[in-house]
Amino acid sequence: MSKDNPFSLTFGKSPNELVSRYEYAEEIIKTFNSQIPASQAYLIEGIRGSGKTVLMTLIEKELQKEKDWIVVDLNSTQDLLADFAMRLVDACKEFTDILKKGFNVSIAGFGLGINGENQSRNSVSIINEILEKLKKKNKRVLITIDEVMNGNNMRNFASEFQIFLRKDFPVFLLMTGLYENIYTIQNDPALTFLLRTPKNNLEPLSLLQISKQYQKVFKCDTEMANKLAKTTKGYAFAFQALGFLYFDYKDSLSFSDIIFKFDDLLDDFVYRKIWQGLSEQDRNVVLAITDSKTKVSEICTKLNMTNATFSKYKERLINRGLIQSPQHGYVELILPRFAEISHFYSQM
């Protein structure tokens, strides 16, 4: 009987094999659990496939193990306040002394039913009443929003969240998002408190830990495990994708054929969307960078660009998680095989 593949290509789902980012998780959990938290909100920023949702899920699960925590997941495409009210009511149903008898929330609109009598209540009123009771019982509420986007939903929710904080309610907010979306949110005049919110920008996974995971799963030697790990460049989705393919094809295909399939997965799941989100000049800069570290002077010469102009694109691509500067005067691509795949895109 064949063994199930322990790696996963499903975004957001915690795979059986993963390299956990315990340092990030521990920092957020410790802050949220503090008697006087330094912050009641955190942002997790990273490129597509960097493991933002997996990290958020890890934090959720750890806090759910504690009896004083309630976790509420919100959908950024919905009315966040209405969604919060409904999900908060649902999460509190196990606490019979928090919700009044007959308390219910309708889907079409909010209504509070008490002993058969319906009273019109809006979402904020319901949230305030429940949070007040949770505060008295020393309960804390973690609100999570995955892949947050700017807009009226976020503005309205953030405005009320600030009021919740002023009332000293035990609410905590954890959001994930792409650099460009979080940048827009933090620079929205209506969301200034998020500008001061701590932000974790996810860096590549440890190659040493990836190598150890591969060696454990595949029972291969250190040389092969290191080769696989280096191929991923520490990119979380690449760790899963290459592991998934090597698990299925290590006995039937050559390594080069596996890499061919690896490129297909990177293209289908992530890289095409990343490429489409780049400006024409961003793409030109990416194409001028080789698969190893490249001199900035060579890129400027190739693109007929001044150092000052290049610096603007360099900063933007670094913030997006596409390039890094390993030493002064050099840049390199962070994502594995992005150079090869982006050159293919440029020819289409």
# chains A, B, ... in the order shown; residues from 1 in each chain; ligands from 1
$ select_by_dssp --residues "region 121-285 of chain A" --states "strand (DSSP E)" --output "list in words"
Arg140, Val141, Leu142, Ile143, Thr144, Ile145, Val171, Phe172, Leu173, Leu174, Met175, Thr176, Gly177, Lys199, Asn200 and Asn201 of chain A
$ residues_around --residues "region 57-68 of chain A" --least-positions-apart "3" --cutoff "6 Å" --atoms "only C-alpha atoms" --output "VMD selection string"
chain A and resid 25 54 139
$ write_last_selection --atoms "N, CA and C atoms" --output "tab-separated table (two decimals), in the first residue's frame"
chain	number	residue	atom	x	y	z
A	25	ALA	N	5.63	33.18	15.60
A	25	ALA	CA	4.45	32.78	16.36
A	25	ALA	C	4.62	33.08	17.84
A	54	VAL	N	-0.48	29.91	6.87
A	54	VAL	CA	-0.05	28.79	7.71
A	54	VAL	C	0.41	29.31	9.08
A	139	LYS	N	-12.23	36.74	29.32
A	139	LYS	CA	-12.07	36.06	28.04
A	139	LYS	C	-11.45	37.03	27.03
$ residues_around --residues "region 199-208 of chain A" --least-positions-apart "2" --cutoff "6 Å" --atoms "only C-alpha atoms" --output "number ranges by chain"
A: 42-46, 210-211, 229, 234-235
$ write_last_selection --atoms "N, CA and C atoms" --output "PDB file, in the first residue's frame"
ATOM      1  N   TYR A  42      -1.558  42.789  15.007  1.00  0.00           N
ATOM      2  CA  TYR A  42      -0.333  42.416  14.301  1.00  0.00           C
ATOM      3  C   TYR A  42      -0.644  42.215  12.829  1.00  0.00           C
ATOM      4  N   LEU A  43       0.323  42.560  11.992  1.00  0.00           N
ATOM      5  CA  LEU A  43       0.220  42.334  10.556  1.00  0.00           C
ATOM      6  C   LEU A  43       1.279  41.325  10.136  1.00  0.00           C
ATOM      7  N   ILE A  44       0.888  40.355   9.325  1.00  0.00           N
ATOM      8  CA  ILE A  44       1.836  39.391   8.757  1.00  0.00           C
ATOM      9  C   ILE A  44       1.892  39.655   7.257  1.00  0.00           C
ATOM     10  N   GLU A  45       3.043  40.086   6.788  1.00  0.00           N
ATOM     11  CA  GLU A  45       3.195  40.481   5.389  1.00  0.00           C
ATOM     12  C   GLU A  45       4.128  39.523   4.664  1.00  0.00           C
ATOM     13  N   GLY A  46       3.826  39.246   3.407  1.00  0.00           N
ATOM     14  CA  GLY A  46       4.696  38.373   2.634  1.00  0.00           C
ATOM     15  C   GLY A  46       4.161  38.160   1.241  1.00  0.00           C
ATOM     16  N   ILE A 210      14.811  22.895   6.205  1.00  0.00           N
ATOM     17  CA  ILE A 210      14.210  22.262   5.015  1.00  0.00           C
ATOM     18  C   ILE A 210      14.973  20.981   4.676  1.00  0.00           C
ATOM     19  N   SER A 211      16.301  21.065   4.694  1.00  0.00           N
ATOM     20  CA  SER A 211      17.130  19.898   4.389  1.00  0.00           C
ATOM     21  C   SER A 211      16.845  18.755   5.362  1.00  0.00           C
ATOM     22  N   ALA A 229      16.947  21.340  -0.844  1.00  0.00           N
ATOM     23  CA  ALA A 229      16.706  22.535  -0.040  1.00  0.00           C
ATOM     24  C   ALA A 229      17.180  23.797  -0.764  1.00  0.00           C
ATOM     25  N   GLY A 234      14.357  28.469   0.162  1.00  0.00           N
ATOM     26  CA  GLY A 234      13.649  28.800   1.388  1.00  0.00           C
ATOM     27  C   GLY A 234      12.238  29.322   1.176  1.00  0.00           C
ATOM     28  N   TYR A 235      11.764  29.288  -0.057  1.00  0.00           N
ATOM     29  CA  TYR A 235      10.411  29.765  -0.365  1.00  0.00           C
ATOM     30  C   TYR A 235       9.405  28.703   0.073  1.00  0.00           C
TER      31      TYR A 235
END
$ closest_atom_pairs --of "region 130-217 of chain A" --to "region 72-78 of chain A" --cutoff "6 Å" --atoms "only C-alpha atoms" --output "JSON lines"
{"residue": "A:Ile143", "atom": "CA", "partner": "A:Val72", "partner_atom": "CA", "distance": 4.9}
{"residue": "A:Thr144", "atom": "CA", "partner": "A:Asp73", "partner_atom": "CA", "distance": 4.9}
{"residue": "A:Ile145", "atom": "CA", "partner": "A:Leu74", "partner_atom": "CA", "distance": 5.2}
{"residue": "A:Val148", "atom": "CA", "partner": "A:Ser76", "partner_atom": "CA", "distance": 5.7}
$ residues_around --residues "Asn33 (chain A)" --least-positions-apart "3" --cutoff "12 Å" --atoms "only C-alpha atoms" --output "ChimeraX atom specification"
/A:26-30,36-40,59,62-63,66,68-69,138-142,170-172
$ closest_residue --among "A:Lys302, A:Lys52, A:Lys219, A:Lys3" --to "Ser20 (chain A)" --atoms "only C-alpha atoms"
A:Lys52
